[in-house]
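Shown next: data_2.txt, containing compact mmCIF, C-alpha atoms.
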# COMPACT_ATOMS: atom_id res chain seq x y z
CA MET A 477 6.07 64.55 -104.74
CA ASN A 478 5.72 64.73 -108.51
CA LEU A 479 2.58 66.70 -109.20
CA PRO A 480 0.30 65.43 -111.96
CA GLN A 481 -0.35 67.79 -114.85
CA PHE A 482 -3.87 69.10 -115.49
CA ARG A 483 -5.26 70.74 -118.61
CA ARG A 484 -7.46 73.03 -116.57
CA ILE A 485 -7.25 74.02 -112.92
CA PRO A 486 -10.28 75.53 -111.15
CA ASN A 487 -9.82 79.13 -110.14
CA HIS A 488 -11.64 78.72 -106.83
CA ILE A 489 -12.07 75.45 -104.91
CA GLY A 490 -14.44 74.95 -101.98
CA ILE A 491 -13.62 72.27 -99.41
CA ILE A 492 -16.26 70.57 -97.24
CA PRO A 493 -14.16 68.50 -94.83
CA ASP A 494 -16.87 66.17 -93.52
CA GLY A 495 -16.71 62.87 -91.65
CA ASN A 496 -14.45 63.77 -88.70
CA ARG A 497 -16.87 62.36 -86.11
CA ARG A 498 -17.62 59.19 -88.07
CA TRP A 499 -13.86 58.68 -88.54
CA ALA A 500 -13.28 58.92 -84.75
CA GLU A 501 -16.19 56.58 -84.06
CA GLU A 502 -14.81 53.93 -86.42
CA LYS A 503 -11.48 54.20 -84.64
CA GLY A 504 -13.21 53.65 -81.28
CA LEU A 505 -12.42 57.21 -80.18
CA ALA A 506 -14.77 59.82 -78.73
CA ARG A 507 -16.65 61.45 -81.60
CA GLU A 508 -15.33 64.96 -80.92
CA SER A 509 -11.72 63.80 -81.04
CA GLY A 510 -11.92 63.49 -84.84
CA TYR A 511 -11.65 67.21 -85.52
CA GLN A 512 -8.00 67.54 -84.46
CA PHE A 513 -7.12 64.95 -87.12
CA GLY A 514 -8.61 67.28 -89.72
CA ILE A 515 -6.01 70.02 -89.28
CA GLU A 516 -3.07 68.38 -91.03
CA PRO A 517 -5.14 67.41 -94.13
CA GLY A 518 -6.12 71.07 -94.56
CA LEU A 519 -2.50 72.15 -94.54
CA GLN A 520 -1.56 69.43 -97.03
CA LEU A 521 -4.35 70.57 -99.30
CA TYR A 522 -3.20 74.19 -99.01
CA HIS A 523 0.29 73.22 -100.20
CA LEU A 524 -1.09 71.23 -103.14
CA CYS A 525 -3.31 74.13 -104.21
CA LEU A 526 -0.42 76.56 -103.99
CA ALA A 527 1.80 74.26 -106.05
CA LEU A 528 -0.88 73.75 -108.72
CA GLY A 529 -1.66 77.44 -109.06
CA VAL A 530 -5.18 77.45 -107.56
CA LYS A 531 -6.05 81.12 -107.01
CA GLU A 532 -8.66 80.84 -104.25
CA LEU A 533 -9.50 78.21 -101.65
CA THR A 534 -12.42 78.18 -99.21
CA PHE A 535 -12.55 75.89 -96.18
CA TYR A 536 -15.90 75.12 -94.57
CA GLY A 537 -14.81 75.42 -90.94
CA PHE A 538 -18.03 75.36 -88.92
CA THR A 539 -21.51 76.77 -89.32
CA GLN A 540 -24.15 78.30 -87.11
CA ASP A 541 -26.13 75.09 -87.71
CA ASN A 542 -23.19 73.09 -86.28
CA THR A 543 -23.21 75.10 -83.05
CA LYS A 544 -26.39 73.27 -81.96
CA ARG A 545 -24.23 70.18 -81.36
CA PRO A 546 -23.16 68.98 -77.88
CA ALA A 547 -20.76 71.33 -76.04
CA ARG A 548 -17.76 68.98 -76.25
CA GLN A 549 -18.07 68.70 -80.02
CA LYS A 550 -18.52 72.44 -80.33
CA GLU A 551 -15.37 73.15 -78.32
CA ALA A 552 -13.45 70.58 -80.35
CA PHE A 553 -14.35 71.94 -83.77
CA LYS A 554 -13.78 75.54 -82.65
CA LYS A 555 -10.32 74.57 -81.39
CA ALA A 556 -9.49 72.80 -84.65
CA CYS A 557 -10.55 75.87 -86.66
CA VAL A 558 -8.49 78.23 -84.50
CA GLU A 559 -5.41 76.04 -84.88
CA SER A 560 -5.94 75.67 -88.62
CA VAL A 561 -6.23 79.42 -89.20
CA LYS A 562 -3.17 80.14 -87.07
CA LYS A 563 -1.13 77.58 -88.98
CA LEU A 564 -2.28 78.89 -92.36
CA ALA A 565 -1.29 82.39 -91.23
CA GLY A 566 2.28 81.09 -91.01
CA TYR A 567 2.30 80.35 -94.74
CA ASP A 568 1.95 82.48 -97.83
CA ALA A 569 -1.69 83.56 -98.18
CA SER A 570 -4.21 86.34 -98.42
CA LEU A 571 -6.29 85.06 -95.56
CA ARG A 572 -9.71 85.97 -94.22
CA VAL A 573 -12.03 84.36 -91.70
CA ILE A 574 -15.69 84.85 -92.67
CA GLY A 575 -18.64 84.32 -90.32
CA ASP A 576 -20.90 85.93 -87.77
CA VAL A 577 -18.50 87.59 -85.35
CA ASN A 578 -21.34 89.02 -83.22
CA SER A 579 -22.05 85.75 -81.45
CA PRO A 580 -20.54 83.90 -78.46
CA SER A 581 -19.90 80.99 -80.85
CA PHE A 582 -17.26 82.99 -82.70
CA PRO A 583 -13.78 82.23 -81.31
CA PRO A 584 -12.28 85.54 -80.05
CA GLU A 585 -8.80 84.42 -81.16
CA LEU A 586 -9.97 84.65 -84.78
CA VAL A 587 -11.34 88.20 -84.67
CA PRO A 588 -8.02 89.66 -85.98
CA TYR A 589 -8.43 87.54 -89.12
CA THR A 590 -11.89 88.82 -90.03
CA LYS A 591 -10.28 91.52 -92.15
CA ARG A 592 -8.24 90.09 -95.00
CA VAL A 593 -4.57 89.90 -94.08
CA THR A 594 -1.71 89.16 -96.46
CA PHE A 595 1.01 86.81 -95.31
CA GLY A 596 4.13 86.53 -97.46
CA GLN A 597 3.33 87.44 -101.05
CA GLY A 598 -0.37 86.54 -100.76
CA LEU A 599 0.00 84.01 -103.56
CA ILE A 600 -3.31 82.32 -102.77
CA LYS A 601 -6.57 83.76 -101.43
CA ILE A 602 -7.92 81.69 -98.55
CA ASN A 603 -11.39 82.06 -97.08
CA PHE A 604 -11.99 80.17 -93.85
CA LEU A 605 -15.66 80.00 -92.88
CA VAL A 606 -16.11 80.16 -89.10
CA ASN A 607 -19.52 80.44 -87.45
CA TYR A 608 -20.79 80.91 -90.99
CA GLY A 609 -24.52 80.80 -91.67
CA TRP A 610 -26.22 80.92 -95.04
CA GLN A 611 -29.04 82.98 -93.56
CA TRP A 612 -26.54 85.31 -91.94
CA ASP A 613 -24.78 85.65 -95.31
CA LEU A 614 -27.87 86.35 -97.40
CA LYS A 615 -29.64 88.49 -94.82
CA TYR A 616 -26.75 90.93 -94.79
CA GLY A 617 -28.00 92.53 -98.01
CA LEU A 618 -31.58 92.54 -96.82
CA SER A 619 -30.65 94.52 -93.74
CA GLN A 620 -28.64 97.21 -95.56
CA LYS A 621 -30.96 100.19 -95.45
CA GLY A 622 -31.30 102.36 -98.49
CA LYS A 623 -29.47 99.96 -100.77
CA SER A 624 -31.13 97.72 -103.27
CA PRO A 625 -29.84 95.66 -106.18
CA GLY A 626 -31.61 97.05 -109.21
CA GLN A 627 -31.87 95.61 -112.67
CA GLY A 628 -28.57 94.39 -114.02
CA ARG A 629 -26.68 94.93 -110.77
CA GLY A 630 -25.04 91.90 -109.27
CA LEU A 631 -26.56 90.37 -106.19
CA GLN A 632 -23.20 89.28 -104.88
CA LYS A 633 -22.19 92.68 -103.58
CA PHE A 634 -25.14 92.62 -101.19
CA ILE A 635 -24.17 89.51 -99.24
CA ALA A 636 -21.88 89.25 -96.22
CA SER A 637 -19.43 87.06 -98.16
CA SER A 638 -19.21 89.49 -101.08
CA ASP A 639 -15.42 89.26 -100.91
CA VAL A 640 -15.59 85.55 -101.89
CA SER A 641 -15.74 84.83 -105.61
CA ARG A 642 -17.72 82.22 -107.56
CA VAL A 643 -16.69 78.67 -106.63
CA ASP A 644 -15.75 76.46 -109.60
CA LEU A 645 -15.34 73.14 -107.84
CA ILE A 646 -16.64 71.95 -104.47
CA ILE A 647 -15.01 68.84 -103.04
CA ARG A 648 -16.79 67.16 -100.16
CA TRP A 649 -15.28 64.36 -98.10
CA GLY A 650 -17.37 61.89 -96.10
CA GLY A 651 -19.80 60.71 -98.79
CA ARG A 652 -22.73 63.08 -98.24
CA ARG A 653 -24.06 64.61 -101.45
CA ARG A 654 -25.29 67.96 -100.22
CA LEU A 655 -24.15 71.56 -99.77
CA SER A 656 -25.26 71.95 -96.12
CA GLY A 657 -25.47 75.71 -96.49
CA PHE A 658 -22.06 76.25 -98.10
CA LEU A 659 -21.95 79.69 -99.78
CA PRO A 660 -25.30 79.45 -101.63
CA VAL A 661 -24.66 82.39 -103.97
CA GLN A 662 -21.11 81.42 -104.92
CA SER A 663 -22.12 77.74 -105.39
CA ILE A 664 -24.86 78.41 -107.95
CA TYR A 665 -22.78 77.10 -110.88
CA SER A 666 -20.21 74.98 -108.98
CA ASP A 667 -19.39 71.42 -109.94
CA PHE A 668 -19.59 68.98 -107.00
CA TYR A 669 -17.19 66.13 -106.42
CA ILE A 670 -17.84 63.71 -103.59
CA ILE A 671 -15.19 61.58 -101.88
CA ASP A 672 -16.51 58.74 -99.76
CA ASP A 673 -13.47 58.62 -97.44
CA TYR A 674 -13.64 60.69 -94.27
CA TRP A 675 -11.73 63.96 -94.15
CA PRO A 676 -9.07 62.78 -91.63
CA ASP A 677 -8.21 60.05 -94.18
CA PHE A 678 -7.34 62.71 -96.77
CA LYS A 679 -4.90 61.60 -99.47
CA PRO A 680 -3.48 63.82 -102.22
CA GLN A 681 -4.92 61.29 -104.68
CA HIS A 682 -8.46 62.30 -103.63
CA PHE A 683 -7.71 65.83 -104.70
CA PHE A 684 -6.08 64.76 -107.95
CA ASP A 685 -9.09 62.56 -108.75
CA ALA A 686 -11.38 65.56 -108.25
CA LEU A 687 -9.22 67.73 -110.54
CA ARG A 688 -9.02 64.97 -113.16
CA TRP A 689 -12.82 64.79 -113.17
CA TYR A 690 -13.19 68.57 -113.22
CA GLU A 691 -11.11 68.99 -116.36
CA THR A 692 -13.63 66.83 -118.28
CA GLN A 693 -16.59 69.04 -117.31
CA ASP A 694 -17.89 71.84 -119.51
CA ILE A 695 -18.36 75.33 -118.09
CA THR A 696 -21.68 76.87 -119.12
CA LEU A 697 -22.60 79.04 -116.10
CA GLY A 698 -26.19 77.96 -116.55
CA GLY A 699 -26.32 78.97 -120.24
CA MET B 1260 -46.64 48.47 -112.74
CA ASN B 1261 -45.87 47.11 -109.28
CA LEU B 1262 -44.40 49.98 -107.30
CA PRO B 1263 -41.43 49.20 -105.07
CA GLN B 1264 -41.84 49.91 -101.36
CA PHE B 1265 -39.71 52.57 -99.67
CA ARG B 1266 -39.08 53.11 -95.97
CA ARG B 1267 -38.94 56.87 -96.41
CA ILE B 1268 -40.24 59.04 -99.23
CA PRO B 1269 -38.98 62.60 -99.65
CA ASN B 1270 -41.58 65.25 -99.02
CA HIS B 1271 -40.37 67.49 -101.85
CA ILE B 1272 -38.44 66.36 -104.92
CA GLY B 1273 -36.70 68.69 -107.37
CA ILE B 1274 -36.19 67.53 -110.95
CA ILE B 1275 -33.43 68.87 -113.22
CA PRO B 1276 -34.28 67.32 -116.59
CA ASP B 1277 -30.96 67.87 -118.38
CA GLY B 1278 -29.46 66.35 -121.51
CA ASN B 1279 -32.23 66.97 -124.06
CA ARG B 1280 -29.88 68.56 -126.61
CA ARG B 1281 -27.15 65.97 -126.17
CA TRP B 1282 -29.77 63.23 -126.57
CA ALA B 1283 -30.95 64.74 -129.88
CA GLU B 1284 -27.37 65.15 -131.10
CA GLU B 1285 -26.59 61.50 -130.41
CA LYS B 1286 -29.68 60.53 -132.39
CA GLY B 1287 -28.49 62.66 -135.32
CA LEU B 1288 -31.36 65.12 -134.81
CA ALA B 1289 -31.21 68.90 -134.58
CA ARG B 1290 -30.21 69.85 -131.01
CA GLU B 1291 -33.40 71.76 -130.27
CA SER B 1292 -35.59 68.81 -131.23
CA GLY B 1293 -34.68 67.04 -127.97
CA TYR B 1294 -36.95 69.12 -125.76
CA GLN B 1295 -40.22 67.69 -127.11
CA PHE B 1296 -39.03 64.23 -126.07
CA GLY B 1297 -38.78 65.52 -122.50
CA ILE B 1298 -42.52 66.09 -122.08
CA GLU B 1299 -43.65 62.48 -121.71
CA PRO B 1300 -40.96 61.64 -119.10
CA GLY B 1301 -42.23 64.51 -116.94
CA LEU B 1302 -45.77 63.16 -117.03
CA GLN B 1303 -44.56 59.65 -116.18
CA LEU B 1304 -42.64 61.04 -113.24
CA TYR B 1305 -45.70 62.97 -112.07
CA HIS B 1306 -47.75 59.76 -111.98
CA LEU B 1307 -45.03 57.91 -110.07
CA CYS B 1308 -44.78 60.70 -107.49
CA LEU B 1309 -48.54 60.78 -107.05
CA ALA B 1310 -48.66 57.00 -106.59
CA LEU B 1311 -45.82 57.01 -104.05
CA GLY B 1312 -47.28 59.85 -101.98
CA VAL B 1313 -44.71 62.55 -102.76
CA LYS B 1314 -46.22 65.81 -101.50
CA GLU B 1315 -44.40 68.35 -103.64
CA LEU B 1316 -42.58 68.20 -106.97
CA THR B 1317 -40.62 70.95 -108.68
CA PHE B 1318 -39.64 70.82 -112.36
CA TYR B 1319 -36.75 72.96 -113.60
CA GLY B 1320 -38.36 74.14 -116.84
CA PHE B 1321 -36.07 76.86 -118.17
CA THR B 1322 -34.04 79.67 -116.66
CA GLN B 1323 -33.15 83.23 -117.52
CA ASP B 1324 -29.62 81.93 -118.11
CA ASN B 1325 -31.02 79.48 -120.71
CA THR B 1326 -32.66 82.30 -122.66
CA LYS B 1327 -29.24 83.39 -123.94
CA ARG B 1328 -29.24 80.29 -126.19
CA PRO B 1329 -29.95 80.40 -129.96
CA ALA B 1330 -33.52 81.41 -130.89
CA ARG B 1331 -34.50 77.98 -132.23
CA GLN B 1332 -33.53 76.29 -128.97
CA LYS B 1333 -35.29 78.98 -126.97
CA GLU B 1334 -38.51 78.51 -128.92
CA ALA B 1335 -38.26 74.74 -128.56
CA PHE B 1336 -37.80 74.68 -124.77
CA LYS B 1337 -40.51 77.30 -124.26
CA LYS B 1338 -42.91 75.19 -126.34
CA ALA B 1339 -42.05 72.05 -124.38
CA CYS B 1340 -42.69 73.86 -121.08
CA VAL B 1341 -46.03 75.25 -122.25
CA GLU B 1342 -47.16 71.78 -123.36
CA SER B 1343 -45.97 70.18 -120.15
CA VAL B 1344 -47.81 72.65 -117.93
CA LYS B 1345 -51.00 72.33 -119.96
CA LYS B 1346 -50.86 68.54 -119.73
CA LEU B 1347 -50.17 68.60 -115.99
CA ALA B 1348 -53.19 70.91 -115.59
CA GLY B 1349 -55.30 68.06 -116.91
CA TYR B 1350 -54.32 65.88 -113.96
CA ASP B 1351 -54.81 66.17 -110.20
CA ALA B 1352 -52.47 68.87 -108.87
CA SER B 1353 -52.03 72.12 -107.01
CA LEU B 1354 -50.07 73.72 -109.81
CA ARG B 1355 -48.07 76.92 -110.06
CA VAL B 1356 -45.66 78.29 -112.63
CA ILE B 1357 -42.87 80.32 -111.01
CA GLY B 1358 -40.57 82.71 -112.84
CA ASP B 1359 -40.09 86.24 -114.05
CA VAL B 1360 -43.32 87.06 -115.82
CA ASN B 1361 -42.20 90.63 -116.60
CA SER B 1362 -40.02 89.60 -119.51
CA PRO B 1363 -40.60 88.82 -123.20
CA SER B 1364 -39.07 85.39 -122.51
CA PHE B 1365 -42.05 84.39 -120.38
CA PRO B 1366 -44.61 82.46 -122.49
CA PRO B 1367 -47.92 84.41 -122.36
CA GLU B 1368 -49.88 81.12 -122.43
CA LEU B 1369 -48.53 80.36 -118.94
CA VAL B 1370 -49.52 83.63 -117.25
CA PRO B 1371 -52.81 82.11 -115.96
CA TYR B 1372 -50.78 79.51 -114.05
CA THR B 1373 -48.61 81.98 -112.15
CA LYS B 1374 -51.15 81.96 -109.34
CA ARG B 1375 -51.52 78.53 -107.77
CA VAL B 1376 -54.47 76.69 -109.24
CA THR B 1377 -55.98 73.47 -107.90
CA PHE B 1378 -56.97 70.80 -110.37
CA GLY B 1379 -58.97 67.83 -109.06
CA GLN B 1380 -58.30 67.33 -105.38
CA GLY B 1381 -54.88 69.00 -105.47
CA LEU B 1382 -53.25 65.81 -104.17
CA ILE B 1383 -49.74 66.93 -105.12
CA LYS B 1384 -48.19 70.40 -105.16
CA ILE B 1385 -46.35 71.04 -108.40
CA ASN B 1386 -44.01 73.95 -109.01
CA PHE B 1387 -42.93 74.44 -112.60
CA LEU B 1388 -40.04 76.89 -112.97
CA VAL B 1389 -40.35 78.93 -116.16
CA ASN B 1390 -38.05 81.85 -116.97
CA TYR B 1391 -36.77 81.34 -113.44
CA GLY B 1392 -33.62 83.13 -112.34
CA TRP B 1393 -31.79 82.68 -109.05
CA GLN B 1394 -30.96 86.39 -108.97
CA TRP B 1395 -34.58 87.24 -109.77
CA ASP B 1396 -35.66 84.97 -106.91
CA LEU B 1397 -33.26 86.32 -104.28
CA LYS B 1398 -33.48 89.96 -105.33
CA TYR B 1399 -37.20 89.96 -104.71
CA GLY B 1400 -36.65 90.32 -100.97
CA LEU B 1401 -33.95 92.92 -101.42
CA SER B 1402 -36.28 95.12 -103.38
CA GLN B 1403 -39.19 94.97 -100.89
CA LYS B 1404 -39.10 98.42 -99.32
CA GLY B 1405 -39.56 98.77 -95.60
CA LYS B 1406 -39.33 95.04 -94.92
CA SER B 1407 -36.33 93.34 -93.46
CA PRO B 1408 -35.75 89.87 -92.04
CA GLY B 1409 -34.63 90.46 -88.48
CA GLN B 1410 -33.09 88.05 -86.03
CA GLY B 1411 -34.81 84.72 -85.97
CA ARG B 1412 -37.12 85.48 -88.86
CA GLY B 1413 -36.91 83.14 -91.78
CA LEU B 1414 -35.28 84.37 -94.93
CA GLN B 1415 -37.55 82.28 -97.09
CA LYS B 1416 -40.53 84.59 -96.87
CA PHE B 1417 -38.48 87.32 -98.53
CA ILE B 1418 -37.78 85.50 -101.80
CA ALA B 1419 -39.91 85.34 -104.93
CA SER B 1420 -40.32 81.56 -104.59
CA SER B 1421 -41.46 81.78 -100.95
CA ASP B 1422 -44.38 79.51 -101.79
CA VAL B 1423 -41.93 76.65 -102.56
CA SER B 1424 -40.82 74.59 -99.56
CA ARG B 1425 -37.43 73.09 -98.70
CA VAL B 1426 -36.34 70.48 -101.26
CA ASP B 1427 -35.37 67.10 -99.77
CA LEU B 1428 -34.03 65.38 -102.86
CA ILE B 1429 -32.83 66.82 -106.16
CA ILE B 1430 -32.54 64.38 -109.06
CA ARG B 1431 -30.59 65.54 -112.08
CA TRP B 1432 -30.47 63.68 -115.37
CA GLY B 1433 -27.68 64.10 -117.93
CA GLY B 1434 -24.65 63.51 -115.69
CA ARG B 1435 -23.76 67.06 -114.68
CA ARG B 1436 -23.10 67.46 -110.96
CA ARG B 1437 -24.23 71.01 -110.36
CA LEU B 1438 -27.30 73.01 -109.35
CA SER B 1439 -27.19 75.53 -112.22
CA GLY B 1440 -29.15 78.06 -110.18
CA PHE B 1441 -31.95 75.73 -109.04
CA LEU B 1442 -33.78 77.27 -106.03
CA PRO B 1443 -30.69 78.22 -104.02
CA VAL B 1444 -32.54 78.82 -100.73
CA GLN B 1445 -34.67 75.67 -100.86
CA SER B 1446 -31.64 73.54 -101.94
CA ILE B 1447 -29.46 74.47 -98.95
CA TYR B 1448 -29.91 71.04 -97.29
CA SER B 1449 -31.02 68.96 -100.29
CA ASP B 1450 -29.48 65.63 -101.15
CA PHE B 1451 -28.34 65.38 -104.79
CA TYR B 1452 -28.71 62.29 -106.95
CA ILE B 1453 -27.23 62.29 -110.43
CA ILE B 1454 -28.36 60.04 -113.29
CA ASP B 1455 -25.98 59.81 -116.21
CA ASP B 1456 -28.67 59.01 -118.78
CA TYR B 1457 -30.23 61.92 -120.64
CA TRP B 1458 -33.69 63.09 -119.59
CA PRO B 1459 -35.52 61.87 -122.75
CA ASP B 1460 -34.22 58.37 -121.85
CA PHE B 1461 -36.07 58.54 -118.51
CA LYS B 1462 -36.96 55.17 -117.01
CA PRO B 1463 -38.96 54.62 -113.79
CA GLN B 1464 -35.96 52.64 -112.52
CA HIS B 1465 -33.88 55.87 -112.47
CA PHE B 1466 -36.37 57.36 -110.07
CA PHE B 1467 -36.56 54.23 -107.92
CA ASP B 1468 -32.75 54.13 -107.73
CA ALA B 1469 -32.74 57.73 -106.47
CA LEU B 1470 -35.37 56.94 -103.82
CA ARG B 1471 -33.53 53.77 -102.78
CA TRP B 1472 -30.39 55.84 -102.26
CA TYR B 1473 -32.27 58.61 -100.47
CA GLU B 1474 -33.71 56.31 -97.85
CA THR B 1475 -30.15 55.45 -96.73
CA GLN B 1476 -29.21 59.10 -96.13
CA ASP B 1477 -29.46 60.79 -92.76
CA ILE B 1478 -31.31 64.09 -92.39
CA THR B 1479 -29.39 66.61 -90.29
CA LEU B 1480 -30.37 69.95 -91.84
CA GLY B 1481 -26.80 71.10 -91.37
CA GLY B 1482 -26.73 70.24 -87.66
Please render this file's structure as structure tokens.
Amino acid sequence: MNLPQFRRIPNHIGIIPDGNRRWAEEKGLARESGYQFGIEPGLQLYHLCLALGVKELTFYGFTQDNTKRPARQKEAFKKACVESVKKLAGYDASLRVIGDVNSPSFPPELVPYTKRVTFGQGLIKINFLVNYGWQWDLKYGLSQKGKSPGQGRGLQKFIASSDVSRVDLIIRWGGRRRLSGFLPVQSIYSDFYIIDDYWPDFKPQHFFDALRWYETQDITLGG
Amino acid sequence: MNLPQFRRIPNHIGIIPDGNRRWAEEKGLARESGYQFGIEPGLQLYHLCLALGVKELTFYGFTQDNTKRPARQKEAFKKACVESVKKLAGYDASLRVIGDVNSPSFPPELVPYTKRVTFGQGLIKINFLVNYGWQWDLKYGLSQKGKSPGQGRGLQKFIASSDVSRVDLIIRWGGRRRLSGFLPVQSIYSDFYIIDDYWPDFKPQHFFDALRWYETQDITLGG
């Protein structure tokens, strides 16, 4: 594939791969069967990011909110996340799974990835959110005894996801225009790009459209 | 005006009134002169919300990030916020100004409004963010000694804006697709609607379009 050229590439891209269940439903499949069709798109996106020089990529795997869904769906999205992480670990990456590991909803197979591990040269930093919760993330700092962010000290070091940097561009598939708890601190200044197609219908052109839009946006960081 | 009918009205609407400087520039005016043209749109919007039965309305006045701008702009947006709050206080509202009052950037005229005050019957709750900072808001909880949000206890009571409820719909004028630090905890599940026109070009139809879109969205709260 000939890659398009961009004037400006975001440093850190957040991916909200939504619409798996609606995709399955439209195909006449069981709703939970959509998740397995979301694995390959993630790998495609990884390769595009690597080729374009994106430095950091965060996938919204599943959240603590999601775990309230029916058991079959829960098993299906856990399985898809486990497979995705294992496949990414076969490529070049500095990979870490981030989420509440002290919960039965956390897949035991992913525990070894909760410390950042470098595969190959670690050319791209990948954060994969698994059993992630925004309250879990923010409360981390609140429960650290004897520490407090004083004047002029960054808040970010007091959250559970402190290892994840500011997100420049969030791309959400599936048409919803909301964050749904995705990294609230790192998303403060992020630009949002929404793709109406469902995640299993991922096309490289979706991603290029998002980058083409992003390069026209100013960066003010709230200033 | 005949108000359109809606099947579902958001409980709490957040308003990001952006594009004042770009509006002035396009008119050949000094950039800072745009803010004064943003006062009347806010009052119009207030009346529409009251008429439609919206329970809570939050205006993004100015932020601590904004105060890094040139002095003339800073004076202009402070003045516009002071006038807006004083005018809203003449109508029916349960009004509160929320922001870091311990800073020279906070307009002294607005100190009396930093405790919630009821005007008339208090039919609508209005939060007006002035010298608001997302770090200021979140750090509040981190600096409360001896308190900690344990398992199952809401995080919201530990932030400076704990009096502000979850935002259902955020409407941003001026085309930017970002939160720019707007109430990170209350915006976790919010739907975003972007209007490309600049805020001083506010038309009731913008607002109706946002509500028409909102009534087609599902509410899952991340589930």
(request) Could you list the residues in chain A lying within 8 Å of chain B, using all atoms listed in the file, and format the result as a VMD selection string? (result) chain A and resid 541 to 545 611 615 617 to 619 624 to 626 631 652 to 658 660 to 661 664 to 669 693 697 to 699
Might I get the box with edges along x, y and z of the file that holds all atoms of stretch 516-530 of chain A listed there, padded by 4 Å on every side, given as centre and edge lengths in Å to one decimal, as JSON?
{"center_x": -2.2, "center_y": 72.4, "center_z": -100.0, "size_x": 15.9, "size_y": 18.0, "size_z": 26.0}
(message) I'd like the interatomic distance between atom CA of B:Phe1466 and atom CA of B:Glu1291, to a tenth of an Å.
(response)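 Distance between the two atoms: 25.0 Å.
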(message) Could you list, as a PyMOL selection string, every residue within 7 Å of stretch 523-537 of chain A, counting all atoms listed in the file and ignoring same-chain residues fewer than 6 positions away?
(response) chain A and resi 485-493+557+600-606
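Pairwise distance (atom CA of A:Ile671, atom CA of A:Gly650) equals 6.2 Å.
Counting from atom CA of B:Gly1301, the distance to atom CA of B:Phe1336 is 13.6 Å.
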(message) Taking 6 positions as the minimum chain separation for residues in the same chain, which residues sit within 9 Å of B:Trp1282 when counting only C-alpha atoms? Answer as a VMD selection string.
(response) chain B and resid 1288 1290 1293 1433 1456 to 1460
(request) Would you mind telling me which residue in B:Tyr1473, B:Ser1343, B:Ile1430, B:Lys1416 lies nearest to B:Asp1455 when using only C-alpha atoms? (result)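 For B:Asp1455, the nearest of the given residues is B:Ile1430.
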(message) Please determine, counting only C-alpha atoms, which residue among B:Phe1467, B:Tyr1372, B:Tyr1294, B:Tyr1391 has the shortest atom-to-atom distance to B:Gly1358.
(response)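 Closest residue, counting only C-alpha atoms: B:Tyr1391.
With distances taken over all atoms listed in the file, A:Asp576 is the one residue among A:Asp576, A:Glu516, A:Asp644, A:Glu559 lying closest to A:Asp613.
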